>>> print(open('final.txt').read())   # compact mmCIF, C-alpha atoms
# COMPACT_ATOMS: atom_id res chain seq x y z
CA MET A 1 -20.59 40.78 -9.60
CA THR A 2 -18.99 41.00 -13.00
CA ASN A 3 -15.79 39.01 -13.23
CA PRO A 4 -13.42 40.64 -15.75
CA GLN A 5 -12.33 37.24 -17.00
CA ASP A 6 -15.88 36.21 -17.89
CA GLU A 7 -16.92 39.06 -20.16
CA SER A 8 -16.36 39.53 -23.85
CA ALA A 9 -13.60 41.93 -24.90
CA ALA A 10 -16.14 44.41 -26.24
CA VAL A 11 -18.20 44.40 -23.02
CA LEU A 12 -15.05 44.72 -20.93
CA ALA A 13 -13.89 47.67 -23.00
CA PHE A 14 -17.30 49.30 -22.59
CA ILE A 15 -17.22 48.78 -18.83
CA ARG A 16 -13.75 50.24 -18.52
CA GLU A 17 -14.62 53.21 -20.69
CA ARG A 18 -17.62 54.03 -18.52
CA GLN A 19 -16.27 53.37 -15.02
CA THR A 20 -15.12 56.91 -14.34
CA ASP A 21 -18.50 58.35 -15.33
CA VAL A 22 -20.41 55.79 -13.28
CA LEU A 23 -18.31 56.51 -10.21
CA ALA A 24 -18.67 60.28 -10.70
CA GLU A 25 -22.44 59.99 -11.04
CA THR A 26 -22.60 57.80 -7.94
CA ILE A 27 -20.62 60.37 -5.95
CA ARG A 28 -22.88 63.14 -7.25
CA GLN A 29 -26.04 61.35 -6.25
CA LEU A 30 -24.74 60.33 -2.83
CA SER A 31 -23.57 63.85 -2.05
CA THR A 32 -26.77 65.59 -3.16
CA CYS A 33 -29.59 63.29 -2.07
CA SER A 34 -31.61 63.93 1.06
CA ALA A 35 -31.27 61.74 4.12
CA ASP A 36 -34.68 60.27 3.31
CA ASP A 37 -33.58 59.33 -0.20
CA LEU A 38 -30.22 57.93 0.88
CA PRO A 39 -31.34 54.28 1.30
CA ALA A 40 -32.87 54.18 -2.19
CA VAL A 41 -29.85 55.91 -3.74
CA LEU A 42 -27.49 53.47 -2.05
CA HIS A 43 -29.62 50.57 -3.22
CA LYS A 44 -29.33 51.69 -6.84
CA ALA A 45 -25.68 52.67 -6.54
CA SER A 46 -24.71 49.29 -5.20
CA GLY A 47 -26.08 47.55 -8.28
CA SER A 48 -24.51 50.02 -10.66
CA VAL A 49 -20.97 50.22 -9.32
CA GLY A 50 -20.80 46.47 -8.81
CA SER A 51 -21.96 45.73 -12.34
CA TYR A 52 -19.26 48.10 -13.62
CA GLN A 53 -16.61 46.20 -11.65
CA LEU A 54 -15.97 49.08 -9.26
CA THR A 55 -15.21 46.68 -6.46
CA GLU A 56 -13.71 49.13 -3.97
CA ALA A 57 -16.60 51.54 -4.43
CA HIS A 58 -19.03 48.67 -4.06
CA THR A 59 -17.46 47.73 -0.73
CA LEU A 60 -17.58 51.33 0.49
CA ILE A 61 -21.24 51.64 -0.45
CA ALA A 62 -22.04 48.38 1.29
CA GLY A 63 -20.40 49.80 4.42
CA LEU A 64 -22.49 52.97 4.29
CA SER A 65 -25.63 50.92 3.62
CA ALA A 66 -24.93 48.92 6.78
CA VAL A 67 -24.73 52.13 8.83
CA VAL A 68 -27.91 53.50 7.25
CA SER A 69 -29.87 50.32 7.88
CA ASP A 70 -28.65 49.93 11.46
CA PRO A 71 -31.50 50.96 13.78
CA ALA A 72 -28.91 52.08 16.31
CA SER A 73 -27.44 54.67 13.91
CA SER A 74 -28.31 58.29 14.69
CA VAL A 75 -28.80 60.93 12.00
CA ALA A 76 -25.37 62.28 12.93
CA ASP A 77 -23.83 58.81 12.60
CA ILE A 78 -25.31 58.43 9.13
CA GLU A 79 -24.18 61.86 7.95
CA GLN A 80 -20.70 61.23 9.32
CA ALA A 81 -20.56 57.89 7.52
CA ARG A 82 -21.82 59.53 4.33
CA THR A 83 -19.04 62.14 4.48
CA THR A 84 -16.38 59.52 5.17
CA THR A 85 -17.66 57.29 2.37
CA LEU A 86 -17.75 60.14 -0.13
CA ASP A 87 -14.16 61.07 0.74
CA ALA A 88 -13.11 57.46 0.26
CA LEU A 89 -14.99 57.17 -3.02
CA ARG A 90 -13.31 60.31 -4.34
CA ALA A 91 -9.96 58.85 -3.36
CA THR A 92 -10.50 55.53 -5.09
CA GLY A 93 -10.29 56.71 -8.65
CA THR A 94 -11.95 53.81 -10.36
CA GLY A 95 -9.70 51.06 -9.13
CA VAL A 96 -10.02 49.67 -12.61
CA PRO A 97 -8.49 46.25 -13.04
CA THR A 98 -6.25 46.15 -16.10
CA MET B 1 -34.39 38.81 -37.90
CA SER B 2 -32.81 39.20 -34.48
CA GLU B 3 -34.91 38.95 -31.37
CA THR B 4 -35.94 42.08 -29.53
CA ILE B 5 -35.26 42.57 -25.83
CA LEU B 6 -37.00 45.26 -23.79
CA VAL B 7 -34.87 46.60 -20.91
CA ILE B 8 -36.86 48.43 -18.21
CA ASP B 9 -34.66 50.03 -15.56
CA ASP B 10 -34.57 53.55 -14.14
CA ALA B 11 -30.76 53.52 -13.80
CA SER B 12 -29.37 54.76 -17.10
CA GLU B 13 -25.94 53.23 -16.53
CA VAL B 14 -27.52 49.82 -15.98
CA ARG B 15 -29.61 50.16 -19.14
CA ASP B 16 -26.51 51.25 -21.04
CA LEU B 17 -24.50 48.22 -19.94
CA LEU B 18 -27.28 45.73 -20.62
CA SER B 19 -28.07 47.36 -23.92
CA PHE B 20 -24.45 47.26 -25.05
CA ALA B 21 -23.98 43.63 -24.05
CA LEU B 22 -27.24 42.54 -25.69
CA LYS B 23 -26.50 44.42 -28.93
CA ASP B 24 -22.98 42.99 -28.92
CA ALA B 25 -24.60 39.54 -28.78
CA GLY B 26 -26.80 40.34 -31.78
CA TYR B 27 -30.11 41.30 -30.18
CA ARG B 28 -32.25 44.33 -30.93
CA VAL B 29 -32.77 46.37 -27.80
CA VAL B 30 -35.52 48.73 -26.70
CA GLU B 31 -35.07 50.69 -23.47
CA ALA B 32 -37.50 52.21 -21.00
CA ASP B 33 -36.73 54.11 -17.80
CA SER B 34 -39.98 53.58 -15.89
CA GLY B 35 -42.89 51.19 -15.51
CA PRO B 36 -45.40 53.16 -17.58
CA THR B 37 -42.92 53.80 -20.41
CA GLY B 38 -41.96 50.13 -20.26
CA ILE B 39 -45.54 49.04 -20.80
CA GLU B 40 -45.86 51.54 -23.67
CA ALA B 41 -42.65 50.19 -25.17
CA TYR B 42 -43.98 46.66 -24.90
CA HIS B 43 -47.07 47.56 -26.93
CA ALA B 44 -45.03 49.51 -29.47
CA HIS B 45 -42.32 46.89 -30.07
CA GLN B 46 -43.76 43.51 -28.96
CA PRO B 47 -40.38 42.31 -27.63
CA ASP B 48 -39.45 38.63 -27.41
CA LEU B 49 -38.16 38.96 -23.84
CA ILE B 50 -38.25 41.58 -21.11
CA LEU B 51 -35.55 42.47 -18.56
CA LEU B 52 -37.35 44.23 -15.73
CA ASP B 53 -35.92 45.98 -12.68
CA ILE B 54 -37.96 45.37 -9.53
CA GLY B 55 -36.98 48.63 -7.86
CA LEU B 56 -38.56 51.09 -10.26
CA GLY B 57 -40.13 54.33 -9.05
CA SER B 58 -43.84 54.99 -8.76
CA MET B 59 -44.91 51.76 -10.48
CA ASP B 60 -42.60 49.02 -9.27
CA GLY B 61 -41.38 46.12 -11.37
CA LEU B 62 -43.76 43.61 -9.81
CA GLU B 63 -46.77 45.69 -10.81
CA VAL B 64 -45.32 46.17 -14.30
CA CYS B 65 -44.89 42.40 -14.52
CA ARG B 66 -48.49 41.77 -13.49
CA GLN B 67 -49.73 44.18 -16.14
CA LEU B 68 -47.48 42.72 -18.82
CA ARG B 69 -48.56 39.20 -17.91
CA SER B 70 -52.14 40.10 -18.73
CA VAL B 71 -51.15 40.77 -22.33
CA THR B 72 -48.09 38.60 -23.07
CA SER B 73 -46.40 35.32 -22.26
CA ALA B 74 -43.00 36.67 -23.33
CA PRO B 75 -40.31 35.62 -20.84
CA ILE B 76 -39.63 38.17 -18.11
CA ILE B 77 -36.35 38.27 -16.20
CA PHE B 78 -36.34 40.34 -13.03
CA LEU B 79 -33.33 42.43 -12.11
CA THR B 80 -33.08 42.92 -8.38
CA SER B 81 -30.56 44.39 -5.98
CA ARG B 82 -32.15 42.48 -3.13
CA ALA B 83 -31.11 38.87 -3.25
CA ASP B 84 -33.18 37.69 -0.34
CA GLU B 85 -35.51 34.84 -1.00
CA VAL B 86 -38.70 36.69 -0.21
CA ASP B 87 -38.11 39.04 -3.12
CA GLN B 88 -37.46 36.12 -5.40
CA LEU B 89 -40.62 34.32 -4.36
CA VAL B 90 -42.72 37.43 -4.73
CA GLY B 91 -41.09 38.00 -8.08
CA PHE B 92 -42.06 34.61 -9.38
CA ALA B 93 -45.56 35.01 -7.99
CA ALA B 94 -45.91 38.12 -10.11
CA GLY B 95 -45.26 36.02 -13.21
CA GLY B 96 -41.55 36.41 -13.82
CA ASP B 97 -39.65 33.51 -15.37
CA ASP B 98 -36.23 34.14 -13.87
CA TYR B 99 -34.23 36.67 -11.90
CA VAL B 100 -30.74 38.11 -11.93
CA THR B 101 -29.31 39.85 -8.89
CA LYS B 102 -27.39 43.10 -9.10
CA PRO B 103 -24.50 43.55 -9.32
CA PHE B 104 -24.80 41.38 -12.38
CA SER B 105 -22.43 39.90 -14.90
CA PRO B 106 -23.49 40.77 -18.45
CA LYS B 107 -22.34 37.30 -19.49
CA VAL B 108 -24.73 35.68 -17.01
CA VAL B 109 -27.60 37.90 -18.17
CA LEU B 110 -26.90 36.90 -21.77
CA ALA B 111 -26.88 33.22 -20.81
CA ARG B 112 -30.25 33.56 -19.08
CA VAL B 113 -31.71 35.50 -22.01
CA SER B 114 -30.49 32.90 -24.48
CA SER B 115 -31.82 30.04 -22.37
CA LEU B 116 -35.31 31.52 -22.04
CA LEU B 117 -35.50 32.42 -25.71
CA ARG B 118 -34.57 28.85 -26.63
CA ARG B 119 -37.33 27.58 -24.37
CA LYS B 120 -39.77 29.91 -26.07
CA GLN B 121 -38.56 28.75 -29.48
CA ARG B 122 -38.91 25.10 -28.57
CA GLY B 123 -42.50 25.73 -27.51
CA GLY B 124 -43.28 27.60 -30.73
CA ASP B 125 -41.70 24.96 -32.96
CA ASP B 126 -43.68 22.11 -31.49
CA GLU B 127 -46.19 21.48 -34.23
CA GLU B 128 -47.51 18.20 -32.88
CA LYS B 129 -50.65 18.89 -30.88
CA THR B 130 -50.27 16.77 -27.83
CA ARG B 131 -52.91 16.27 -25.21
CA PHE B 132 -52.34 14.60 -21.89
CA GLN B 133 -54.97 13.48 -19.45
CA VAL B 134 -54.11 12.10 -16.04
CA GLY B 135 -56.91 11.98 -13.51
CA PRO B 136 -58.71 15.32 -13.43
CA LEU B 137 -55.75 17.10 -15.02
CA SER B 138 -55.51 17.66 -18.74
CA LEU B 139 -52.90 19.48 -20.69
CA ASP B 140 -52.78 20.67 -24.29
CA THR B 141 -49.18 21.52 -25.07
CA ALA B 142 -50.10 22.98 -28.45
CA SER B 143 -52.54 25.55 -27.11
CA ARG B 144 -50.71 25.58 -23.78
CA ILE B 145 -53.92 25.19 -21.83
CA ALA B 146 -54.03 23.24 -18.60
CA THR B 147 -57.36 22.32 -17.09
CA LEU B 148 -58.52 20.70 -13.90
CA ASP B 149 -61.82 19.03 -14.75
CA ALA B 150 -63.48 21.90 -16.64
CA THR B 151 -61.55 24.70 -14.96
CA THR B 152 -58.68 26.34 -16.80
CA LEU B 153 -55.61 26.73 -14.62
CA ASP B 154 -53.88 30.11 -14.72
CA LEU B 155 -50.28 28.91 -14.97
CA THR B 156 -47.16 30.84 -15.83
CA ARG B 157 -44.97 29.61 -18.66
CA THR B 158 -42.59 27.96 -16.21
CA GLU B 159 -45.36 26.28 -14.23
CA PHE B 160 -46.92 24.97 -17.43
CA ASP B 161 -43.57 23.60 -18.61
CA LEU B 162 -42.98 21.90 -15.26
CA LEU B 163 -46.42 20.31 -15.37
CA THR B 164 -45.78 19.18 -18.93
CA VAL B 165 -42.62 17.30 -17.98
CA LEU B 166 -44.36 15.68 -15.01
CA ILE B 167 -47.49 14.71 -16.93
CA GLU B 168 -45.42 13.28 -19.78
CA ASN B 169 -43.91 10.93 -17.21
CA PRO B 170 -46.88 10.20 -14.93
CA ALA B 171 -45.52 6.99 -13.44
CA ARG B 172 -41.91 8.06 -13.04
CA VAL B 173 -39.85 10.18 -10.72
CA VAL B 174 -38.43 13.05 -12.77
CA THR B 175 -35.04 14.13 -11.51
CA ARG B 176 -34.36 17.73 -10.64
CA GLU B 177 -31.65 17.77 -13.32
CA THR B 178 -34.15 16.67 -15.96
CA LEU B 179 -36.59 19.36 -14.87
CA LEU B 180 -33.87 22.01 -14.99
CA GLU B 181 -32.77 20.92 -18.43
CA ARG B 182 -36.27 20.57 -19.89
CA VAL B 183 -37.73 23.72 -18.37
CA TRP B 184 -34.80 26.10 -18.04
CA GLY B 185 -32.30 24.75 -20.58
CA ASP B 186 -28.76 25.82 -19.73
CA TRP B 187 -29.20 26.94 -16.14
CA TYR B 188 -26.59 29.10 -14.43
CA GLY B 189 -28.54 29.99 -11.33
CA ASP B 190 -29.73 28.54 -8.07
CA THR B 191 -31.21 25.04 -8.45
CA HIS B 192 -33.64 26.02 -5.68
CA VAL B 193 -35.62 27.59 -8.51
CA VAL B 194 -37.26 24.17 -9.14
CA GLU B 195 -38.68 24.04 -5.60
CA VAL B 196 -39.98 27.59 -5.82
CA HIS B 197 -41.89 27.02 -9.05
CA MET B 198 -43.03 23.54 -8.07
CA SER B 199 -44.47 24.93 -4.87
CA ARG B 200 -46.38 27.57 -6.78
CA LEU B 201 -47.69 25.00 -9.28
CA ARG B 202 -48.78 22.71 -6.46
CA ASN B 203 -50.58 25.56 -4.70
CA LYS B 204 -52.40 26.65 -7.84
CA VAL B 205 -53.69 23.15 -8.55
CA LYS B 206 -54.73 22.71 -4.95
CA LYS B 207 -56.41 26.11 -4.82
CA ALA B 208 -58.43 25.14 -7.88
CA GLY B 209 -59.72 22.14 -5.94
CA GLY B 210 -57.28 19.63 -7.38
CA PRO B 211 -55.18 16.91 -5.80
CA SER B 212 -51.69 17.32 -4.41
CA ILE B 213 -49.25 17.07 -7.30
CA GLY B 214 -45.50 17.36 -7.71
CA THR B 215 -44.65 15.07 -4.82
CA ALA B 216 -41.03 15.52 -3.79
CA VAL B 217 -38.91 12.38 -3.71
CA ARG B 218 -36.10 13.29 -1.37
CA GLY B 219 -32.72 13.51 -3.01
CA VAL B 220 -34.06 12.54 -6.44
CA GLY B 221 -36.73 14.82 -7.84
CA TYR B 222 -40.48 14.89 -8.25
CA ARG B 223 -43.30 12.70 -9.45
CA LEU B 224 -46.69 13.80 -10.66
CA GLY B 225 -48.38 12.03 -7.78
CA LEU B 226 -51.64 11.02 -9.45
CA ASP B 227 -51.01 7.32 -10.01
>>> encode(input="final.txt", output="structure tokens")
Amino acid sequence: MTNPQDESAAVLAFIRERQTDVLAETIRQLSTCSADDLPAVLHKASGSVGSYQLTEAHTLIAGLSAVVSDPASSVADIEQARTTTLDALRATGTGVPT
Amino acid sequence: MSETILVIDDASEVRDLLSFALKDAGYRVVEADSGPTGIEAYHAHQPDLILLDIGLGSMDGLEVCRQLRSVTSAPIIFLTSRADEVDQLVGFAAGGDDYVTKPFSPKVVLARVSSLLRRKQRGGDDEEKTRFQVGPLSLDTASRIATLDATTLDLTRTEFDLLTVLIENPARVVTRETLLERVWGDWYGDTHVVEVHMSRLRNKVKKAGGPSIGTAVRGVGYRLGLD
């Protein structure tokens, strides 16, 4: 994952400027995709939010991915986890390091 | 003129970040959001290096890589969200030169891009036509053709470079560090990459009816193995 101390000032500024939009788009996709598409959406979202230093969101998405990929999870379990994750993502703001 | 990098990824935010970081470092950037448009963009712009997401839609990155490899030897760096080894091995088998796992650090991507472009430059600047012959293996580093007896070996850029270092030192053990430096330049990734590519090189030579090459010397490196 991107370490804020490693990047150039210009790249860091770009990342910070875009974090809110990336998080909003991630929330939109996770809330609108079908259950069938959820694994693929999570897969993409994990790479995106992590690369934009959204560490809390990345952890939340990893948690939902674990539920989705668990063979023991029922459809209801997955939908419950999706709802909980979306609520948590909305509550994070961006968690932007300054 | 600055070098051109083609970024193929269906996630616009990922393309945006890579594109910004690459432009900030002085590269020209061309973007594509799918496999087919990526291949079109390759033909339109002839980029010097390609950053290619594995998890594209209908035509995945591995298939895109196979198609690109039939027309170019430009370095290809895979972007993958799945860091497991199987993906990496399959990726290299498809002809990629390197991989970066997502989430990625733009700084690391830039380092890999720079390293591969320097390798490409070194190859292009080598005006001395050098031929090596050891046993049934021959290598022309100017035309970058490797043959086993009369059969041309279908090697990737990395495999060819590995074989070059080994065949230049036929009676010596070449350390893993030397191979990393000679083949990958400044390397920021997993040193396991040497084993992966060496294994593929060994298999290709063997499959073509050749001897076992690239013998591992535990804890040190590799020797050509044709003394």
>>> closest_atom_pairs(input="final.txt", of="chain A", to="chain B", cutoff="12 Å", atoms="all atoms listed in the file", output="CSV")
residue,atom,partner,partner_atom,distance
A:Met1,CA,B:Pro103,CA,4.8
A:Thr2,CA,B:Ser105,CA,4.1
A:Asn3,CA,B:Ser105,CA,6.9
A:Pro4,CA,B:Ser105,CA,9.1
A:Gln5,CA,B:Lys107,CA,10.3
A:Asp6,CA,B:Lys107,CA,6.7
A:Glu7,CA,B:Lys107,CA,5.7
A:Ser8,CA,B:Lys107,CA,7.7
A:Ala9,CA,B:Asp24,CA,10.3
A:Ala10,CA,B:Asp24,CA,7.5
A:Val11,CA,B:Ala21,CA,5.9
A:Leu12,CA,B:Ala21,CA,9.5
A:Ala13,CA,B:Phe20,CA,10.8
A:Phe14,CA,B:Leu17,CA,7.7
A:Ile15,CA,B:Leu17,CA,7.4
A:Arg16,CA,B:Leu17,CA,11.0
A:Glu17,CA,B:Leu17,CA,11.1
A:Arg18,CA,B:Glu13,CA,8.6
A:Gln19,CA,B:Glu13,CA,9.8
A:Thr20,CA,B:Glu13,CA,11.6
A:Asp21,CA,B:Glu13,CA,9.1
A:Val22,CA,B:Glu13,CA,6.9
A:Leu23,CA,B:Glu13,CA,10.4
A:Ala24,CA,B:Glu13,CA,11.7
A:Glu25,CA,B:Glu13,CA,9.4
A:Thr26,CA,B:Glu13,CA,10.3
A:Gln29,CA,B:Ala11,CA,11.9
A:Ala40,CA,B:Gly55,CA,8.9
A:Val41,CA,B:Ala11,CA,10.4
A:Leu42,CA,B:Ser81,CA,10.4
A:His43,CA,B:Ser81,CA,6.8
A:Lys44,CA,B:Ala11,CA,7.3
A:Ala45,CA,B:Ala11,CA,8.9
A:Ser46,CA,B:Pro103,CA,7.1
A:Gly47,CA,B:Pro103,CA,4.4
A:Ser48,CA,B:Val14,CA,6.1
A:Val49,CA,B:Pro103,CA,7.5
A:Gly50,CA,B:Pro103,CA,4.7
A:Ser51,CA,B:Pro103,CA,4.5
A:Tyr52,CA,B:Pro103,CA,8.2
A:Gln53,CA,B:Pro103,CA,8.6
A:Leu54,CA,B:Pro103,CA,10.2
A:Thr55,CA,B:Pro103,CA,10.2
A:His58,CA,B:Pro103,CA,9.2
A:Thr59,CA,B:Pro103,CA,11.9
A:Ala62,CA,B:Ser81,CA,11.9
>>> residues_near_point(input="final.txt", point="(-33.1, 38.5, -31.1)", cutoff="6 Å", atoms="all atoms listed in the file", output="PyMOL selection string")
chain B and resi 2-4+27-28
>>> write_last_selection(input="final.txt", atoms="C-alpha atoms", output="compact mmCIF listing (two decimals), keeping the file's coordinate frame")
# COMPACT_ATOMS: atom_id res chain seq x y z
CA SER B 2 -32.81 39.20 -34.48
CA GLU B 3 -34.91 38.95 -31.37
CA THR B 4 -35.94 42.08 -29.53
CA TYR B 27 -30.11 41.30 -30.18
CA ARG B 28 -32.25 44.33 -30.93
>>> residues_around(input="final.txt", residues="Cys65 of chain B", least_positions_apart="6", cutoff="8 Å", atoms="only C-alpha atoms", output="PyMOL selection string")
chain B and resi 52+76+94-96
>>> closest_residue(input="final.txt", among="B:Ile8, B:Leu162, B:Leu180, B:Ala142", to="Leu62 of chain B", atoms="all atoms listed in the file")
B:Ile8
>>> residues_around(input="final.txt", residues="segment 198-205 of chain B", least_positions_apart="6", cutoff="12 Å", atoms="only C-alpha atoms", output="ChimeraX atom specification")
/B:89-95,136-138,146-149,151-166,176,179-180,183,191-192,211-216,221-225
>>> atom_distance(input="final.txt", atom1="atom CA of Ala66 of chain A", atom2="atom CA of Leu38 of chain A")
12.0 Å
>>> build_atoms(input="final.txt", residues="segment 56-65 of chain A", atoms="all heavy atoms", output="compact mmCIF listing (two decimals), in the coordinates of the input")
# COMPACT_ATOMS: atom_id res chain seq x y z
N GLU A 56 -14.01 48.37 -5.19
CA GLU A 56 -13.71 49.13 -3.97
C GLU A 56 -14.90 50.04 -3.63
O GLU A 56 -15.32 50.12 -2.48
CB GLU A 56 -12.43 49.94 -4.17
CG GLU A 56 -11.86 50.46 -2.87
CD GLU A 56 -10.52 51.17 -3.08
OE1 GLU A 56 -9.92 51.02 -4.17
OE2 GLU A 56 -10.09 51.87 -2.15
N ALA A 57 -15.44 50.68 -4.65
CA ALA A 57 -16.60 51.54 -4.43
C ALA A 57 -17.78 50.72 -3.93
O ALA A 57 -18.54 51.15 -3.05
CB ALA A 57 -16.97 52.26 -5.74
N HIS A 58 -17.93 49.54 -4.48
CA HIS A 58 -19.03 48.67 -4.06
C HIS A 58 -18.90 48.32 -2.58
O HIS A 58 -19.89 48.34 -1.83
CB HIS A 58 -19.02 47.40 -4.92
CG HIS A 58 -20.19 46.50 -4.67
ND1 HIS A 58 -20.08 45.33 -3.96
CD2 HIS A 58 -21.49 46.62 -5.02
CE1 HIS A 58 -21.28 44.76 -3.89
NE2 HIS A 58 -22.15 45.52 -4.52
N THR A 59 -17.69 48.05 -2.14
CA THR A 59 -17.46 47.73 -0.73
C THR A 59 -17.76 48.94 0.16
O THR A 59 -18.38 48.82 1.22
CB THR A 59 -16.00 47.28 -0.52
OG1 THR A 59 -15.74 46.16 -1.38
CG2 THR A 59 -15.72 46.88 0.92
N LEU A 60 -17.33 50.11 -0.29
CA LEU A 60 -17.58 51.33 0.49
C LEU A 60 -19.08 51.60 0.61
O LEU A 60 -19.58 51.98 1.68
CB LEU A 60 -16.88 52.52 -0.18
CG LEU A 60 -15.35 52.52 -0.09
CD1 LEU A 60 -14.75 53.54 -1.06
CD2 LEU A 60 -14.91 52.82 1.35
N ILE A 61 -19.79 51.40 -0.47
CA ILE A 61 -21.24 51.64 -0.45
C ILE A 61 -21.95 50.62 0.45
O ILE A 61 -22.88 50.96 1.18
CB ILE A 61 -21.79 51.63 -1.89
CG1 ILE A 61 -21.36 52.94 -2.58
CG2 ILE A 61 -23.31 51.48 -1.92
CD1 ILE A 61 -21.56 52.95 -4.06
N ALA A 62 -21.46 49.40 0.41
CA ALA A 62 -22.04 48.38 1.29
C ALA A 62 -21.84 48.78 2.76
O ALA A 62 -22.73 48.59 3.60
CB ALA A 62 -21.41 47.02 1.02
N GLY A 63 -20.68 49.36 3.06
CA GLY A 63 -20.40 49.80 4.42
C GLY A 63 -21.35 50.91 4.86
O GLY A 63 -21.91 50.89 5.96
N LEU A 64 -21.56 51.88 3.98
CA LEU A 64 -22.49 52.97 4.29
C LEU A 64 -23.92 52.44 4.42
O LEU A 64 -24.67 52.86 5.30
CB LEU A 64 -22.40 54.05 3.21
CG LEU A 64 -23.34 55.24 3.37
CD1 LEU A 64 -23.19 55.92 4.74
CD2 LEU A 64 -23.08 56.28 2.25
N SER A 65 -24.29 51.52 3.56
CA SER A 65 -25.63 50.92 3.62
C SER A 65 -25.85 50.25 4.98
O SER A 65 -26.95 50.32 5.55
CB SER A 65 -25.83 49.88 2.51
OG SER A 65 -25.75 50.49 1.25
